[in-house]
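Here's the structure we're looking at; comments come further down.
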Amino acid sequence: MFGFFKKKKDVKKSAIQILDRNGNQLSEGDIVMSYRYDLGKCVIVNSINGLEYESIESKKRVNWTLMIDAANERQKVEKIE
């Protein structure tokens with residue numbers, strides 16, 4: 001009638017894609033070089049707070065949301081192959 005009772009479409013949330021500076025897909029267990037917070041080489045770990053970067057040298061942990069580059073919405077890390 002007036003659009004009040006329209007059937008809502010089934011909207012699925014897309015999985016968050018975490019990409020490094022070069023556009024490579026990142027996942028848990030990957031080793032990356034961090035360009036923020038003086039972390040150096042890091043491994044991606046899954047914790048209670050979600051995905052985090054854990055420095056191999058200092059064991060310092062930083063949440064993945066703090067590593068987002070505002071210019072291109074990618075992570076400020078580079079995947080080490």
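Residue numbers start at 1 in each chain; chains themselves are named A, B, ... in the order of the structure tokens; ligands are numbered from 1 in the order shown.
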So which residues touch region 35-48 of chain A within 12 Å, counting only C-alpha atoms, skipping near sequence neighbours fewer than 2 positions away, as an mmCIF file with C-alpha atoms, in the first residue's frame?
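Just written: result-v6.cif:
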data_model
loop_
_atom_site.group_PDB
_atom_site.id
_atom_site.type_symbol
_atom_site.label_atom_id
_atom_site.label_comp_id
_atom_site.auth_asym_id
_atom_site.auth_seq_id
_atom_site.Cartn_x
_atom_site.Cartn_y
_atom_site.Cartn_z
ATOM 1 C CA ILE A 18 41.982 -7.701 5.946
ATOM 2 C CA ASP A 20 48.077 -5.557 3.540
ATOM 3 C CA ARG A 21 49.546 -2.503 1.760
ATOM 4 C CA LEU A 26 45.827 -11.596 5.536
ATOM 5 C CA SER A 27 44.693 -14.331 7.906
ATOM 6 C CA GLU A 28 45.568 -15.820 11.276
ATOM 7 C CA GLY A 29 49.099 -17.224 11.426
ATOM 8 C CA ASP A 30 50.573 -14.998 8.693
ATOM 9 C CA ILE A 31 53.893 -13.303 9.370
ATOM 10 C CA VAL A 32 53.989 -9.618 8.470
ATOM 11 C CA MET A 33 56.295 -6.602 8.760
ATOM 12 C CA GLY A 50 39.673 -10.374 17.788
ATOM 13 C CA LEU A 51 42.641 -10.425 15.444
ATOM 14 C CA GLU A 52 45.827 -8.877 16.795
ATOM 15 C CA TYR A 53 49.379 -8.405 15.602
ATOM 16 C CA GLU A 54 51.887 -9.894 18.076
ATOM 17 C CA SER A 55 55.497 -8.760 17.759
ATOM 18 C CA ILE A 56 57.894 -11.681 17.499
ATOM 19 C CA GLU A 57 60.643 -9.745 19.281
ATOM 20 C CA SER A 58 58.859 -7.783 22.028
ATOM 21 C CA LYS A 59 55.603 -9.834 22.338
ATOM 22 C CA LYS A 60 53.646 -6.557 22.285
ATOM 23 C CA ARG A 61 50.103 -6.932 20.861
ATOM 24 C CA VAL A 62 48.143 -4.401 18.803
ATOM 25 C CA ASN A 63 44.550 -4.820 17.598
ATOM 26 C CA TRP A 64 44.119 -4.963 13.825
ATOM 27 C CA LEU A 66 44.619 0.327 14.983
ATOM 28 C CA MET A 67 46.669 -0.617 11.906
ATOM 29 C CA ILE A 68 44.161 0.640 9.306
ATOM 30 C CA ASP A 69 45.516 3.254 6.889
ATOM 31 C CA GLN A 75 46.581 -2.421 6.929
ATOM 32 C CA LYS A 76 49.926 -0.704 7.516
ATOM 33 C CA VAL A 77 51.714 -4.034 7.259
ATOM 34 C CA GLU A 78 53.367 -6.019 4.510
ATOM 35 C CA LYS A 79 53.003 -9.793 4.247
ATOM 36 C CA ILE A 80 56.282 -11.735 4.371
#
Pick out each residue of chain A that DSSP on the backbone tags as strand (DSSP E or B); I need them as a short mmCIF file (atom, residue, chain, number, x, y, z; two decimals) with N, CA and C atoms, in the first residue's frame.
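Output file states31.cif follows:
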data_model
loop_
_atom_site.label_atom_id
_atom_site.label_comp_id
_atom_site.auth_asym_id
_atom_site.auth_seq_id
_atom_site.Cartn_x
_atom_site.Cartn_y
_atom_site.Cartn_z
N LEU A 19 43.47 -6.67 4.33
CA LEU A 19 44.45 -6.63 3.26
C LEU A 19 45.68 -5.86 3.71
N GLN A 25 45.68 -10.77 0.83
CA GLN A 25 44.76 -11.19 1.89
C GLN A 25 45.55 -11.66 3.10
N ILE A 31 52.82 -14.12 8.84
CA ILE A 31 53.89 -13.30 9.37
C ILE A 31 53.99 -12.06 8.51
N VAL A 32 54.00 -10.90 9.17
CA VAL A 32 53.99 -9.62 8.47
C VAL A 32 55.05 -8.69 9.06
N MET A 33 55.42 -7.66 8.28
CA MET A 33 56.30 -6.60 8.76
C MET A 33 55.42 -5.39 9.05
N SER A 34 55.41 -4.94 10.29
CA SER A 34 54.57 -3.82 10.71
C SER A 34 55.28 -2.50 10.49
N LYS A 41 58.71 -7.48 12.94
CA LYS A 41 58.06 -8.69 12.42
C LYS A 41 56.99 -9.13 13.40
N CYS A 42 55.82 -9.44 12.87
CA CYS A 42 54.68 -9.83 13.71
C CYS A 42 54.02 -11.07 13.15
N VAL A 43 53.30 -11.73 14.01
CA VAL A 43 52.44 -12.84 13.60
C VAL A 43 51.00 -12.43 13.95
N ILE A 44 50.05 -12.79 13.08
CA ILE A 44 48.65 -12.47 13.33
C ILE A 44 48.05 -13.57 14.19
N VAL A 45 47.50 -13.19 15.33
CA VAL A 45 46.91 -14.15 16.26
C VAL A 45 45.45 -13.78 16.52
N ASN A 46 44.66 -14.78 16.85
CA ASN A 46 43.26 -14.58 17.19
C ASN A 46 43.14 -14.64 18.71
N SER A 47 42.61 -13.58 19.31
CA SER A 47 42.47 -13.54 20.76
C SER A 47 41.03 -13.22 21.13
N GLY A 50 39.65 -10.27 19.24
CA GLY A 50 39.67 -10.37 17.79
C GLY A 50 41.09 -10.57 17.29
N LEU A 51 41.32 -10.26 16.02
CA LEU A 51 42.64 -10.43 15.44
C LEU A 51 43.59 -9.36 15.97
N GLU A 52 44.80 -9.79 16.30
CA GLU A 52 45.83 -8.88 16.79
C GLU A 52 47.15 -9.22 16.14
N TYR A 53 48.01 -8.21 16.06
CA TYR A 53 49.38 -8.40 15.60
C TYR A 53 50.25 -8.56 16.84
N GLU A 54 50.99 -9.67 16.94
CA GLU A 54 51.89 -9.89 18.08
C GLU A 54 53.32 -9.83 17.58
N SER A 55 54.10 -8.92 18.14
CA SER A 55 55.50 -8.76 17.76
C SER A 55 56.28 -10.01 18.15
N ARG A 61 51.27 -6.65 21.71
CA ARG A 61 50.10 -6.93 20.86
C ARG A 61 49.35 -5.65 20.54
N VAL A 62 48.92 -5.55 19.26
CA VAL A 62 48.14 -4.40 18.80
C VAL A 62 46.96 -4.93 18.02
N ASN A 63 45.76 -4.40 18.29
CA ASN A 63 44.55 -4.82 17.60
C ASN A 63 44.62 -4.41 16.14
N ILE A 68 44.81 0.27 10.56
CA ILE A 68 44.16 0.64 9.31
C ILE A 68 44.70 1.98 8.81
N GLN A 75 45.74 -2.37 5.75
CA GLN A 75 46.58 -2.42 6.93
C GLN A 75 47.97 -1.85 6.63
N VAL A 77 50.80 -2.91 7.13
CA VAL A 77 51.71 -4.03 7.26
C VAL A 77 51.99 -4.58 5.86
N GLU A 78 53.03 -5.38 5.77
CA GLU A 78 53.37 -6.02 4.51
C GLU A 78 53.60 -7.50 4.78
N LYS A 79 52.91 -8.35 4.05
CA LYS A 79 53.00 -9.79 4.25
C LYS A 79 54.37 -10.29 3.82
#
